$ cat model08.csv   # CSV, C-alpha atoms
chain,number,residue,atom,x,y,z
A,88,MET,CA,-13.2,-31.6,24.4
A,89,SER,CA,-12.7,-35.0,22.7
A,90,LEU,CA,-9.7,-35.7,20.6
A,91,THR,CA,-10.0,-36.7,16.9
A,92,ARG,CA,-7.8,-39.4,15.5
A,93,ARG,CA,-5.8,-36.7,13.8
A,94,ASP,CA,-5.5,-34.8,17.0
A,95,MET,CA,-4.2,-38.0,18.7
A,96,MET,CA,-1.5,-38.4,16.1
A,97,LEU,CA,-0.4,-34.8,16.2
A,98,ARG,CA,-0.2,-34.8,19.9
A,99,ALA,CA,2.0,-38.0,19.8
A,100,ILE,CA,4.3,-36.3,17.3
A,101,ALA,CA,4.6,-33.3,19.6
A,102,GLY,CA,5.4,-35.5,22.5
A,103,LYS,CA,2.2,-34.6,24.3
A,104,GLY,CA,-0.2,-36.8,26.2
A,105,THR,CA,-2.8,-39.0,24.6
A,106,PRO,CA,-5.5,-41.0,26.3
A,107,TRP,CA,-4.4,-44.2,24.5
A,108,MET,CA,-1.7,-45.3,22.0
A,109,PRO,CA,-2.6,-44.1,18.5
A,110,TRP,CA,-3.0,-47.1,16.2
A,111,ALA,CA,-2.4,-46.3,12.5
A,112,PRO,CA,-1.6,-49.5,10.6
A,113,ARG,CA,-0.6,-49.1,7.0
A,114,LEU,CA,-3.3,-51.2,5.3
A,115,ASP,CA,-3.2,-50.1,1.6
A,116,LEU,CA,-1.4,-53.1,0.2
A,117,TRP,CA,-3.4,-55.5,2.4
A,118,TYR,CA,-6.7,-53.9,1.4
A,119,LEU,CA,-6.0,-53.8,-2.3
A,120,ALA,CA,-4.7,-57.4,-2.4
A,121,ASN,CA,-7.6,-58.8,-0.4
A,122,GLN,CA,-10.2,-56.7,-2.2
A,123,ARG,CA,-8.9,-58.1,-5.5
A,124,ALA,CA,-9.0,-61.6,-4.2
A,125,GLY,CA,-12.4,-61.2,-2.5
A,126,THR,CA,-10.9,-62.1,0.9
A,127,LEU,CA,-11.6,-58.9,2.9
A,128,PRO,CA,-13.3,-59.6,6.3
A,129,PRO,CA,-17.0,-60.3,5.5
A,130,GLU,CA,-18.3,-57.2,7.1
A,131,PHE,CA,-16.0,-55.1,4.9
A,132,ARG,CA,-16.4,-56.8,1.5
A,133,ASN,CA,-18.1,-53.7,0.0
A,134,ALA,CA,-16.3,-51.1,2.1
A,135,THR,CA,-13.6,-48.6,1.0
A,136,LEU,CA,-10.5,-48.5,3.1
A,137,ARG,CA,-11.5,-45.3,4.7
A,138,GLU,CA,-14.9,-46.8,5.6
A,139,LEU,CA,-13.1,-49.8,7.2
A,140,VAL,CA,-10.8,-47.7,9.2
A,141,ASP,CA,-13.7,-45.5,10.4
A,142,ALA,CA,-15.8,-48.5,11.4
A,143,MET,CA,-12.8,-49.8,13.5
A,144,ASP,CA,-12.1,-46.4,14.9
A,145,TRP,CA,-8.4,-46.7,13.9
A,146,CYS,CA,-6.2,-43.8,12.8
A,147,TYR,CA,-5.7,-43.6,9.0
A,148,HIS,CA,-2.2,-44.1,7.7
A,149,ALA,CA,-1.9,-41.4,5.1
A,150,ILE,CA,1.8,-41.5,4.5
A,151,VAL,CA,2.8,-43.6,1.5
A,152,PRO,CA,0.7,-42.7,-1.5
A,153,ASN,CA,-1.1,-45.1,-3.9
A,154,PHE,CA,1.2,-44.7,-6.9
A,155,LYS,CA,-1.6,-45.9,-9.2
A,156,ASP,CA,-4.1,-43.3,-8.0
A,157,SER,CA,-3.5,-41.0,-11.0
A,158,ARG,CA,-5.7,-38.7,-12.9
A,159,GLY,CA,-3.9,-39.0,-16.2
A,160,PRO,CA,-1.2,-41.0,-18.0
A,161,LEU,CA,1.5,-38.4,-17.4
A,162,ASP,CA,1.3,-38.7,-13.6
A,163,GLU,CA,3.8,-41.6,-13.5
A,164,ILE,CA,5.4,-41.5,-16.9
A,165,ASP,CA,8.7,-40.4,-15.4
A,166,ARG,CA,8.7,-43.0,-12.6
A,167,ALA,CA,12.0,-44.6,-13.8
A,168,LEU,CA,13.6,-41.2,-13.2
A,169,GLY,CA,12.3,-41.2,-9.7
A,170,LEU,CA,9.9,-38.4,-10.5
A,171,TYR,CA,6.1,-38.5,-9.8
A,172,ASN,CA,3.4,-36.0,-10.5
A,173,LEU,CA,0.6,-37.6,-8.4
A,174,TRP,CA,-2.4,-35.4,-7.9
A,175,MET,CA,-2.0,-35.2,-4.1
A,176,MET,CA,1.6,-34.2,-4.1
A,177,PRO,CA,2.5,-30.6,-3.1
A,178,HIS,CA,4.5,-29.9,-6.2
A,179,ARG,CA,4.6,-30.8,-9.9
A,180,THR,CA,7.6,-31.4,-12.1
A,181,ILE,CA,7.6,-30.2,-15.8
A,182,LEU,CA,10.4,-31.5,-18.0
A,183,GLU,CA,11.4,-28.6,-20.4
A,184,ASN,CA,13.6,-28.7,-23.5
A,185,VAL,CA,13.3,-32.5,-23.6
A,186,ARG,CA,11.5,-34.5,-26.3
A,187,ARG,CA,9.8,-37.5,-24.7
A,188,HIS,CA,8.4,-40.6,-26.5
A,189,VAL,CA,6.2,-43.0,-24.5
A,190,ASP,CA,5.3,-46.5,-25.5
A,191,ARG,CA,2.8,-48.4,-23.3
A,192,SER,CA,2.9,-52.1,-24.2
A,193,GLY,CA,0.8,-54.3,-21.9
A,194,ASP,CA,2.3,-54.1,-18.4
A,195,VAL,CA,5.5,-52.3,-19.5
A,196,THR,CA,5.9,-48.5,-20.0
A,197,ARG,CA,9.0,-47.5,-22.0
A,198,VAL,CA,10.1,-43.9,-22.3
A,199,ARG,CA,12.8,-42.3,-24.5
A,200,TYR,CA,14.1,-38.9,-23.6
A,201,GLU,CA,15.9,-37.0,-26.4
A,202,THR,CA,18.1,-34.2,-25.2
A,203,PRO,CA,20.9,-32.1,-26.9
A,204,LEU,CA,23.4,-34.1,-24.9
A,205,GLY,CA,22.1,-37.6,-25.8
A,206,THR,CA,19.2,-40.0,-25.4
A,207,ILE,CA,18.0,-41.7,-22.2
A,208,CYS,CA,15.8,-44.8,-22.3
A,209,THR,CA,13.9,-46.3,-19.4
A,210,ALA,CA,11.3,-49.1,-18.8
A,211,ALA,CA,9.1,-49.9,-15.9
A,212,LEU,CA,6.9,-52.9,-15.2
A,213,HIS,CA,3.6,-53.3,-13.3
A,214,ASP,CA,2.3,-56.8,-13.8
A,215,GLU,CA,-0.6,-59.0,-12.6
A,216,SER,CA,1.5,-60.5,-9.8
A,217,MET,CA,2.2,-57.0,-8.4
A,218,ARG,CA,-1.5,-56.1,-8.7
A,219,GLN,CA,-2.5,-59.3,-6.8
A,220,ALA,CA,-0.1,-58.3,-4.0
A,221,GLY,CA,-1.5,-54.8,-3.8
A,222,ILE,CA,1.7,-53.2,-5.0
A,223,THR,CA,1.1,-49.9,-6.7
A,224,ILE,CA,4.7,-48.8,-7.4
A,225,SER,CA,6.1,-50.2,-10.7
A,226,HIS,CA,9.5,-52.0,-11.0
A,227,ILE,CA,12.2,-50.5,-13.1
A,228,THR,CA,13.4,-53.0,-15.7
A,229,GLU,CA,15.6,-50.6,-17.7
A,230,TYR,CA,17.6,-48.1,-15.8
A,231,ALA,CA,18.2,-44.6,-17.1
A,232,ILE,CA,21.9,-44.8,-16.6
A,233,LYS,CA,23.8,-47.6,-18.4
A,234,SER,CA,27.2,-46.0,-17.8
A,235,PRO,CA,28.8,-42.7,-16.8
A,236,ALA,CA,28.4,-41.7,-20.4
A,237,ASP,CA,24.7,-41.1,-19.7
A,238,PHE,CA,25.4,-38.5,-16.9
A,239,PRO,CA,25.4,-35.4,-19.2
A,240,ALA,CA,22.1,-36.2,-20.9
A,241,LEU,CA,20.3,-37.1,-17.6
A,242,GLY,CA,21.9,-34.1,-15.9
A,243,TYR,CA,20.5,-31.9,-18.6
A,244,ILE,CA,17.0,-33.3,-17.9
A,245,PHE,CA,17.2,-32.4,-14.2
A,246,GLU,CA,18.7,-29.0,-14.9
A,247,ASN,CA,15.8,-28.3,-17.2
A,248,ALA,CA,13.1,-29.6,-14.8
A,249,ARG,CA,10.8,-26.8,-13.7
A,250,VAL,CA,8.9,-27.2,-10.4
A,251,GLU,CA,5.6,-25.6,-9.7
A,252,ALA,CA,3.2,-25.7,-6.7
A,253,ASN,CA,0.3,-28.2,-6.6
A,254,TYR,CA,-1.0,-27.1,-3.2
A,255,GLY,CA,-4.6,-27.5,-4.3
A,256,GLY,CA,-4.0,-31.2,-4.9
A,257,TYR,CA,-2.6,-31.7,-1.5
A,258,GLU,CA,-5.4,-29.8,0.1
A,259,GLU,CA,-8.0,-32.0,-1.6
A,260,TYR,CA,-6.2,-35.0,-0.4
A,261,ALA,CA,-6.0,-33.7,3.2
A,262,GLN,CA,-9.8,-33.0,3.1
A,263,GLN,CA,-10.4,-36.6,2.0
A,264,ILE,CA,-8.4,-37.9,5.0
A,265,GLY,CA,-10.1,-35.4,7.3
A,266,ASP,CA,-9.9,-36.1,11.0
A,267,ARG,CA,-9.1,-39.8,10.4
A,268,GLY,CA,-5.4,-39.1,10.4
A,269,VAL,CA,-2.6,-36.7,9.3
A,270,ALA,CA,-2.1,-36.5,5.5
A,271,ALA,CA,1.6,-36.3,4.7
A,272,ALA,CA,2.7,-34.2,1.7
A,273,PHE,CA,4.7,-36.8,-0.3
A,274,VAL,CA,7.8,-35.4,-2.0
A,275,SER,CA,10.1,-38.3,-3.0
A,276,LEU,CA,11.2,-41.8,-2.0
A,277,ALA,CA,14.8,-40.6,-2.3
A,278,GLY,CA,16.3,-38.6,0.6
A,279,SER,CA,19.0,-36.8,-1.5
A,280,PRO,CA,20.3,-36.5,-5.1
A,281,MET,CA,22.9,-39.3,-4.6
A,282,HIS,CA,20.2,-41.5,-2.9
A,283,LEU,CA,18.0,-40.9,-6.0
A,284,ILE,CA,20.8,-42.2,-8.2
A,285,VAL,CA,21.4,-45.4,-6.3
A,286,ARG,CA,17.6,-46.0,-5.7
A,287,GLU,CA,16.2,-45.3,-9.1
A,288,LEU,CA,18.7,-44.3,-11.8
A,289,MET,CA,21.4,-47.0,-11.8
A,290,PRO,CA,21.7,-50.7,-10.9
A,291,PHE,CA,23.0,-51.1,-7.4
A,292,ASP,CA,26.3,-52.7,-8.3
A,293,GLN,CA,27.0,-50.3,-11.2
A,294,PHE,CA,26.4,-47.3,-8.9
A,295,TYR,CA,29.1,-48.5,-6.4
A,296,TYR,CA,31.5,-49.2,-9.2
A,297,ALA,CA,31.0,-45.7,-10.5
A,298,LEU,CA,31.4,-44.3,-7.0
A,299,TYR,CA,34.8,-45.9,-6.9
A,300,ASP,CA,35.9,-45.6,-10.6
A,301,ALA,CA,34.3,-42.2,-11.5
A,302,PRO,CA,33.7,-40.3,-8.3
A,303,ASP,CA,34.2,-36.8,-9.8
A,304,GLU,CA,31.8,-37.5,-12.6
A,305,LEU,CA,29.2,-39.0,-10.3
A,306,THR,CA,29.5,-36.1,-7.9
A,307,ALA,CA,29.1,-33.6,-10.7
A,308,PHE,CA,26.0,-35.4,-11.9
A,309,ALA,CA,24.5,-35.4,-8.4
A,310,GLU,CA,25.1,-31.7,-8.1
A,311,LYS,CA,23.0,-31.1,-11.2
A,312,ILE,CA,20.2,-33.1,-9.6
A,313,GLY,CA,20.8,-31.0,-6.5
A,314,GLY,CA,19.7,-27.8,-8.2
A,315,TYR,CA,16.4,-29.5,-9.0
A,316,TRP,CA,16.2,-30.9,-5.4
A,317,GLN,CA,16.5,-27.4,-4.1
A,318,ARG,CA,13.7,-26.1,-6.3
A,319,VAL,CA,11.5,-28.9,-5.0
A,320,MET,CA,12.4,-28.1,-1.4
A,321,ASP,CA,11.5,-24.4,-2.0
A,322,VAL,CA,8.0,-25.3,-3.2
A,323,ALA,CA,7.2,-28.4,-1.2
A,324,CYS,CA,8.1,-27.1,2.3
A,325,ARG,CA,5.8,-24.1,1.8
A,326,CYS,CA,2.8,-26.4,1.4
A,327,ASN,CA,0.2,-26.1,4.1
A,328,ALA,CA,0.8,-29.6,5.4
A,329,PRO,CA,1.9,-30.6,8.9
A,330,ILE,CA,4.1,-33.4,7.6
A,331,ILE,CA,6.5,-33.4,4.7
A,332,PHE,CA,7.6,-36.8,3.5
A,333,ILE,CA,10.9,-37.3,1.8
A,334,GLY,CA,13.2,-40.3,1.6
A,335,ALA,CA,12.7,-44.0,2.2
A,336,ASN,CA,14.3,-47.4,2.7
A,337,TYR,CA,17.7,-46.8,4.3
A,338,ASP,CA,19.7,-49.8,5.3
A,339,ALA,CA,23.0,-50.5,7.0
A,340,SER,CA,24.2,-52.4,3.9
A,341,THR,CA,22.8,-50.4,0.9
A,342,THR,CA,23.1,-46.9,2.5
A,343,TYR,CA,25.8,-47.8,5.0
A,344,PRO,CA,26.6,-45.3,7.7
A,345,PRO,CA,29.5,-43.4,6.1
A,346,PHE,CA,27.6,-43.2,2.8
A,347,PHE,CA,24.5,-42.0,4.6
A,348,ALA,CA,26.5,-39.4,6.5
A,349,GLN,CA,28.1,-38.0,3.4
A,350,HIS,CA,25.4,-38.2,0.8
A,351,ILE,CA,22.0,-38.3,2.5
A,352,LYS,CA,22.2,-36.6,5.9
A,353,PRO,CA,23.1,-33.1,4.6
A,354,TRP,CA,20.0,-33.0,2.5
A,355,LEU,CA,17.7,-34.3,5.2
A,356,GLN,CA,19.2,-31.7,7.5
A,357,ARG,CA,18.4,-29.0,5.0
A,358,TYR,CA,14.8,-30.3,4.5
A,359,ALA,CA,14.3,-30.4,8.3
A,360,ALA,CA,15.6,-26.9,8.7
A,361,GLU,CA,13.3,-25.6,5.9
A,362,CYS,CA,10.3,-27.4,7.3
A,363,HIS,CA,10.9,-26.0,10.8
A,364,ALA,CA,11.5,-22.5,9.4
A,365,GLN,CA,8.2,-22.6,7.5
A,366,GLY,CA,6.0,-24.0,10.2
A,367,GLY,CA,7.9,-23.8,13.5
A,368,ASP,CA,6.8,-26.5,16.0
A,369,GLY,CA,3.8,-27.4,13.9
A,370,LYS,CA,5.5,-28.6,10.7
A,371,TYR,CA,7.4,-31.9,10.7
A,372,LEU,CA,9.8,-33.8,8.5
A,373,LEU,CA,9.1,-37.5,8.1
A,374,THR,CA,11.4,-40.0,6.5
A,375,HIS,CA,10.6,-43.7,5.9
A,376,VAL,CA,13.4,-45.6,7.7
A,377,ASP,CA,12.3,-49.2,7.0
A,378,GLY,CA,15.4,-51.4,6.9
A,379,GLU,CA,18.3,-52.5,9.0
A,380,ASN,CA,19.1,-49.4,11.0
A,381,THR,CA,22.2,-50.7,12.8
A,382,GLY,CA,24.8,-47.8,12.9
A,383,LEU,CA,22.3,-45.3,11.5
A,384,LEU,CA,20.4,-44.1,14.5
A,385,ASP,CA,22.9,-41.5,15.6
A,386,HIS,CA,22.9,-40.1,12.0
A,387,TYR,CA,19.1,-39.9,12.2
A,388,LEU,CA,19.3,-37.8,15.3
A,389,ASP,CA,21.8,-35.6,13.5
A,390,CYS,CA,19.4,-35.1,10.7
A,391,GLN,CA,16.9,-33.5,13.1
A,392,PHE,CA,13.9,-34.9,11.2
A,393,ASP,CA,10.9,-35.4,13.4
A,394,ILE,CA,9.3,-38.7,12.4
A,395,ALA,CA,10.8,-42.1,11.7
A,396,ASP,CA,8.1,-43.9,9.7
A,397,SER,CA,8.2,-47.7,9.6
A,398,ILE,CA,10.9,-48.4,12.2
A,399,CYS,CA,11.2,-52.2,11.7
A,400,PRO,CA,12.7,-53.9,14.8
A,401,SER,CA,13.7,-57.5,15.6
A,402,PRO,CA,12.9,-60.2,14.7
A,403,MET,CA,13.1,-58.7,11.2
A,404,THR,CA,16.2,-56.7,11.9
A,405,LYS,CA,19.0,-56.7,14.6
A,406,LEU,CA,17.8,-53.7,16.7
A,407,THR,CA,15.0,-54.2,19.3
A,408,LEU,CA,12.2,-51.7,19.7
A,409,ARG,CA,13.5,-50.9,23.1
A,410,GLN,CA,17.0,-50.0,21.7
A,411,VAL,CA,15.5,-47.7,19.1
A,412,ARG,CA,13.2,-45.9,21.6
A,413,GLU,CA,16.0,-45.5,24.1
A,414,LYS,CA,18.3,-44.0,21.4
A,415,PHE,CA,15.6,-41.6,20.1
A,416,ALA,CA,14.6,-40.6,23.7
A,417,GLY,CA,11.6,-38.7,22.4
A,418,LYS,CA,13.6,-36.6,20.0
A,419,ILE,CA,12.2,-38.5,17.0
A,420,THR,CA,8.6,-39.9,16.9
A,421,ILE,CA,8.3,-43.4,15.8
A,422,MET,CA,5.5,-44.5,13.4
A,423,GLY,CA,5.2,-48.2,13.1
A,424,GLY,CA,7.3,-50.5,15.2
A,425,LEU,CA,5.3,-53.7,14.9
A,426,PRO,CA,7.1,-56.2,12.7
A,427,SER,CA,4.8,-57.4,9.8
A,428,VAL,CA,5.9,-61.0,10.2
A,429,SER,CA,4.2,-61.1,13.6
A,430,LEU,CA,0.8,-60.9,11.8
A,431,LEU,CA,1.5,-64.1,9.7
A,432,ALA,CA,0.3,-67.4,11.0
A,433,ASP,CA,3.2,-69.2,9.4
A,434,SER,CA,5.7,-67.0,11.2
A,435,MET,CA,4.2,-67.1,14.7
A,436,SER,CA,1.6,-69.3,16.3
A,437,ASP,CA,-1.2,-67.6,18.2
A,438,ARG,CA,0.5,-68.4,21.5
A,439,GLU,CA,3.8,-67.0,20.2
A,440,PHE,CA,2.0,-63.9,19.0
A,441,ASP,CA,0.4,-63.3,22.4
A,442,LYS,CA,3.8,-63.7,24.1
A,443,PHE,CA,5.4,-61.4,21.5
A,444,LEU,CA,2.7,-58.7,22.1
A,445,ASP,CA,3.3,-58.8,25.8
A,446,GLN,CA,7.0,-58.1,25.3
A,447,PHE,CA,6.3,-55.6,22.6
A,448,PHE,CA,4.1,-53.4,24.8
A,449,THR,CA,6.6,-53.7,27.6
A,450,ASP,CA,9.3,-52.4,25.3
A,451,LEU,CA,7.1,-49.4,24.5
A,452,GLY,CA,8.1,-48.1,27.9
A,453,ASP,CA,6.1,-44.9,28.7
A,454,GLY,CA,4.8,-44.9,25.1
A,455,THR,CA,5.6,-41.3,24.4
A,456,SER,CA,6.4,-40.1,20.9
A,457,HIS,CA,5.0,-43.2,19.3
A,458,ILE,CA,2.2,-43.8,16.8
A,459,LEU,CA,1.8,-47.6,16.6
A,460,GLY,CA,1.7,-49.2,13.2
A,461,ILE,CA,3.0,-52.0,11.0
A,462,SER,CA,6.6,-52.1,9.7
A,463,ASP,CA,6.8,-51.8,6.7
A,464,THR,CA,3.2,-52.6,5.8
A,465,THR,CA,0.4,-55.0,6.6
A,466,PRO,CA,1.1,-58.1,4.4
A,467,PRO,CA,-1.8,-59.5,2.3
A,468,ALA,CA,-1.8,-62.7,4.4
A,469,ALA,CA,-2.0,-60.9,7.7
A,470,GLN,CA,-4.4,-62.4,10.2
A,471,TRP,CA,-7.4,-60.0,10.7
A,472,ASP,CA,-7.9,-61.1,14.3
A,473,ARG,CA,-4.3,-60.2,15.1
A,474,LEU,CA,-4.8,-56.7,13.8
A,475,VAL,CA,-7.9,-56.4,15.9
A,476,LYS,CA,-6.1,-57.7,19.0
A,477,VAL,CA,-3.2,-55.2,18.5
A,478,ALA,CA,-5.8,-52.4,18.3
A,479,LYS,CA,-7.4,-53.5,21.6
A,480,ARG,CA,-4.0,-53.6,23.3
A,481,ALA,CA,-3.3,-50.1,22.0
A,482,ARG,CA,-6.6,-48.8,23.2
A,483,ASP,CA,-6.0,-50.3,26.7
A,484,PHE,CA,-2.5,-48.9,26.8
A,485,HIS,CA,-2.5,-45.7,29.0
A,486,PRO,CA,1.1,-44.7,29.6
A,487,HIS,CA,0.7,-40.9,29.4
A,488,GLU,CA,-2.9,-39.8,29.7
A,489,PRO,CA,-3.3,-36.0,29.5
$ encode --input "model08.csv" --output "structure tokens"
Amino acid sequence: MSLTRRDMMLRAIAGKGTPWMPWAPRLDLWYLANQRAGTLPPEFRNATLRELVDAMDWCYHAIVPNFKDSRGPLDEIDRALGLYNLWMMPHRTILENVRRHVDRSGDVTRVRYETPLGTICTAALHDESMRQAGITISHITEYAIKSPADFPALGYIFENARVEANYGGYEEYAQQIGDRGVAAAFVSLAGSPMHLIVRELMPFDQFYYALYDAPDELTAFAEKIGGYWQRVMDVACRCNAPIIFIGANYDASTTYPPFFAQHIKPWLQRYAAECHAQGGDGKYLLTHVDGENTGLLDHYLDCQFDIADSICPSPMTKLTLRQVREKFAGKITIMGGLPSVSLLADSMSDREFDKFLDQFFTDLGDGTSHILGISDTTPPAAQWDRLVKVAKRARDFHPHEP
């Protein structure tokens, strides 16, 4: 029986044999940017991304969602709170006992939340330069928290956030992806309540000032978010999806190892345990680990999540692919691994790229527990012929045939 592309990815995640290395490059930003500019490869000028992937017989990277693929204006209204209600997500968040005022002015969306404990104001930007780059996630220009004085009002919002299932939306998304790849159920870009605060709710510097100056207040606020986080977990992990996606963009400087161990790891452990309890060996937790992972790999193993999406090795970070693979030793499946800069003509000449690929495929070792892709994503200026060349090398790579 022949294996589908989805079968190939699931077998790799389970540590089983595949006839060649699954190749699932993240192409969404590259596609949207080049479609807008009219610079897609000539044979794909009128093709959808799914049609392009089908024609090339590549696996479809259905992990990070298109944040502008909405079915109504409310789907991303609460983006500056780190909350999304995208149609394909496994859950939906309803803010209760809160009066919300929305002002859309050009590329900026401003939201005012009125609560019995105070008012919270946010603003998010999605402008033409972002659209030209294929970026679908908006940029926060006004953070919800200006000072610890905002903790009570924002805590009230999360305490009054109801979570309901949206399994039908995920099922429709999975049907659209079909056998091209594995559709992940997207939950959040934050891996924990405290990670949500530093990612989305406060400026980076102010967060760490508060962590030092007002640790008790900050911890109490995070605990209020934690109740909501648990409600999301209870719903999302029961979704009929093989992969649950929570958490993104850890880094040795911004989520340094002691911080990760104290404030992120416990929640990822809980999510991993819940996923495994719901689906046994056939349900996996994925987290997006793009960043400098020096000092974090042992913590990742402690988390017991199953898939490290977008591992980004040298020359973009300090760790080599070989070092990461040896540390994970098949306990965590890698998705990605190919540094995006290698696809840029101004970063590597063709000769340098060929030499890099030789070393890269050597560093893959036996190739088990790996779905090859681009870390973090395929840049708009990526050379199409290099993507094709990587795909051929992956197809010719037979380290663990069944």
$ residues_near_point --input "model08.csv" --point "(4.1, -60.8, 11.3)" --cutoff "9 Å" --atoms "all atoms listed in the file" --output "mmCIF file with C-alpha atoms, keeping the file's coordinate frame"
data_model
loop_
_atom_site.group_PDB
_atom_site.id
_atom_site.type_symbol
_atom_site.label_atom_id
_atom_site.label_comp_id
_atom_site.auth_asym_id
_atom_site.auth_seq_id
_atom_site.Cartn_x
_atom_site.Cartn_y
_atom_site.Cartn_z
ATOM 1 C CA LEU A 425 5.300 -53.700 14.900
ATOM 2 C CA PRO A 426 7.100 -56.200 12.700
ATOM 3 C CA SER A 427 4.800 -57.400 9.800
ATOM 4 C CA VAL A 428 5.900 -61.000 10.200
ATOM 5 C CA SER A 429 4.200 -61.100 13.600
ATOM 6 C CA LEU A 430 0.800 -60.900 11.800
ATOM 7 C CA LEU A 431 1.500 -64.100 9.700
ATOM 8 C CA ALA A 432 0.300 -67.400 11.000
ATOM 9 C CA ASP A 433 3.200 -69.200 9.400
ATOM 10 C CA SER A 434 5.700 -67.000 11.200
ATOM 11 C CA MET A 435 4.200 -67.100 14.700
ATOM 12 C CA PHE A 440 2.000 -63.900 19.000
ATOM 13 C CA ILE A 461 3.000 -52.000 11.000
ATOM 14 C CA THR A 465 0.400 -55.000 6.600
ATOM 15 C CA PRO A 466 1.100 -58.100 4.400
ATOM 16 C CA ALA A 469 -2.000 -60.900 7.700
ATOM 17 C CA GLN A 470 -4.400 -62.400 10.200
#
$ atom_distance --input "model08.csv" --atom1 "atom CA of A:Leu182" --atom2 "atom CA of A:Ala248"
4.6 Å
$ closest_atom_pairs --input "model08.csv" --of "stretch 290-339 of chain A" --to "stretch 223-232 of chain A" --cutoff "12 Å" --atoms "all atoms listed in the file" --output "CSV"
residue,atom,partner,partner_atom,distance
A:Pro290,CA,A:Tyr230,CA,6.9
A:Phe291,CA,A:Tyr230,CA,10.4
A:Gln293,CA,A:Ile232,CA,9.2
A:Phe294,CA,A:Ile232,CA,9.3
A:Ala297,CA,A:Ile232,CA,11.0
A:Leu305,CA,A:Ile232,CA,11.3
A:Phe308,CA,A:Ile232,CA,11.3
$ closest_residue --input "model08.csv" --among "A:Leu288, A:Leu241, A:Asp441, A:Glu138" --to "A:Arg166" --atoms "all atoms listed in the file"
A:Leu288
$ residues_near_point --input "model08.csv" --point "(1.0, -32.2, -5.1)" --cutoff "12 Å" --atoms "only C-alpha atoms" --output "PyMOL selection string"
chain A and resi 152+157+162+171-180+250-261+270-275+319+322-328+331-332
$ build_atoms --input "model08.csv" --residues "stretch 96-108 of chain A" --atoms "N, CA and C atoms" --output "CSV table (one decimal), in the coordinates of the input"
chain,number,residue,atom,x,y,z
A,96,MET,N,-2.7,-38.2,16.7
A,96,MET,CA,-1.5,-38.4,16.1
A,96,MET,C,-0.6,-37.2,16.2
A,97,LEU,N,-1.2,-36.0,16.0
A,97,LEU,CA,-0.4,-34.8,16.2
A,97,LEU,C,0.2,-34.6,17.6
A,98,ARG,N,-0.6,-34.9,18.6
A,98,ARG,CA,-0.2,-34.8,19.9
A,98,ARG,C,1.0,-35.8,20.2
A,99,ALA,N,0.9,-37.0,19.7
A,99,ALA,CA,2.0,-38.0,19.8
A,99,ALA,C,3.3,-37.4,19.2
A,100,ILE,N,3.1,-36.9,18.0
A,100,ILE,CA,4.3,-36.3,17.3
A,100,ILE,C,4.9,-35.2,18.1
A,101,ALA,N,4.1,-34.4,18.8
A,101,ALA,CA,4.6,-33.3,19.6
A,101,ALA,C,5.1,-33.7,20.9
A,102,GLY,N,5.0,-35.0,21.2
A,102,GLY,CA,5.4,-35.5,22.5
A,102,GLY,C,4.4,-35.2,23.7
A,103,LYS,N,3.2,-34.9,23.3
A,103,LYS,CA,2.2,-34.6,24.3
A,103,LYS,C,1.4,-35.8,24.7
A,104,GLY,N,0.6,-35.7,25.7
A,104,GLY,CA,-0.2,-36.8,26.2
A,104,GLY,C,-1.3,-37.2,25.3
A,105,THR,N,-1.6,-38.5,25.3
A,105,THR,CA,-2.8,-39.0,24.6
A,105,THR,C,-3.5,-40.0,25.5
A,106,PRO,N,-4.8,-40.1,25.4
A,106,PRO,CA,-5.5,-41.0,26.3
A,106,PRO,C,-5.2,-42.5,26.1
A,107,TRP,N,-4.8,-42.8,24.9
A,107,TRP,CA,-4.4,-44.2,24.5
A,107,TRP,C,-3.4,-44.1,23.4
A,108,MET,N,-2.7,-45.3,23.1
A,108,MET,CA,-1.7,-45.3,22.0
A,108,MET,C,-2.4,-45.2,20.7
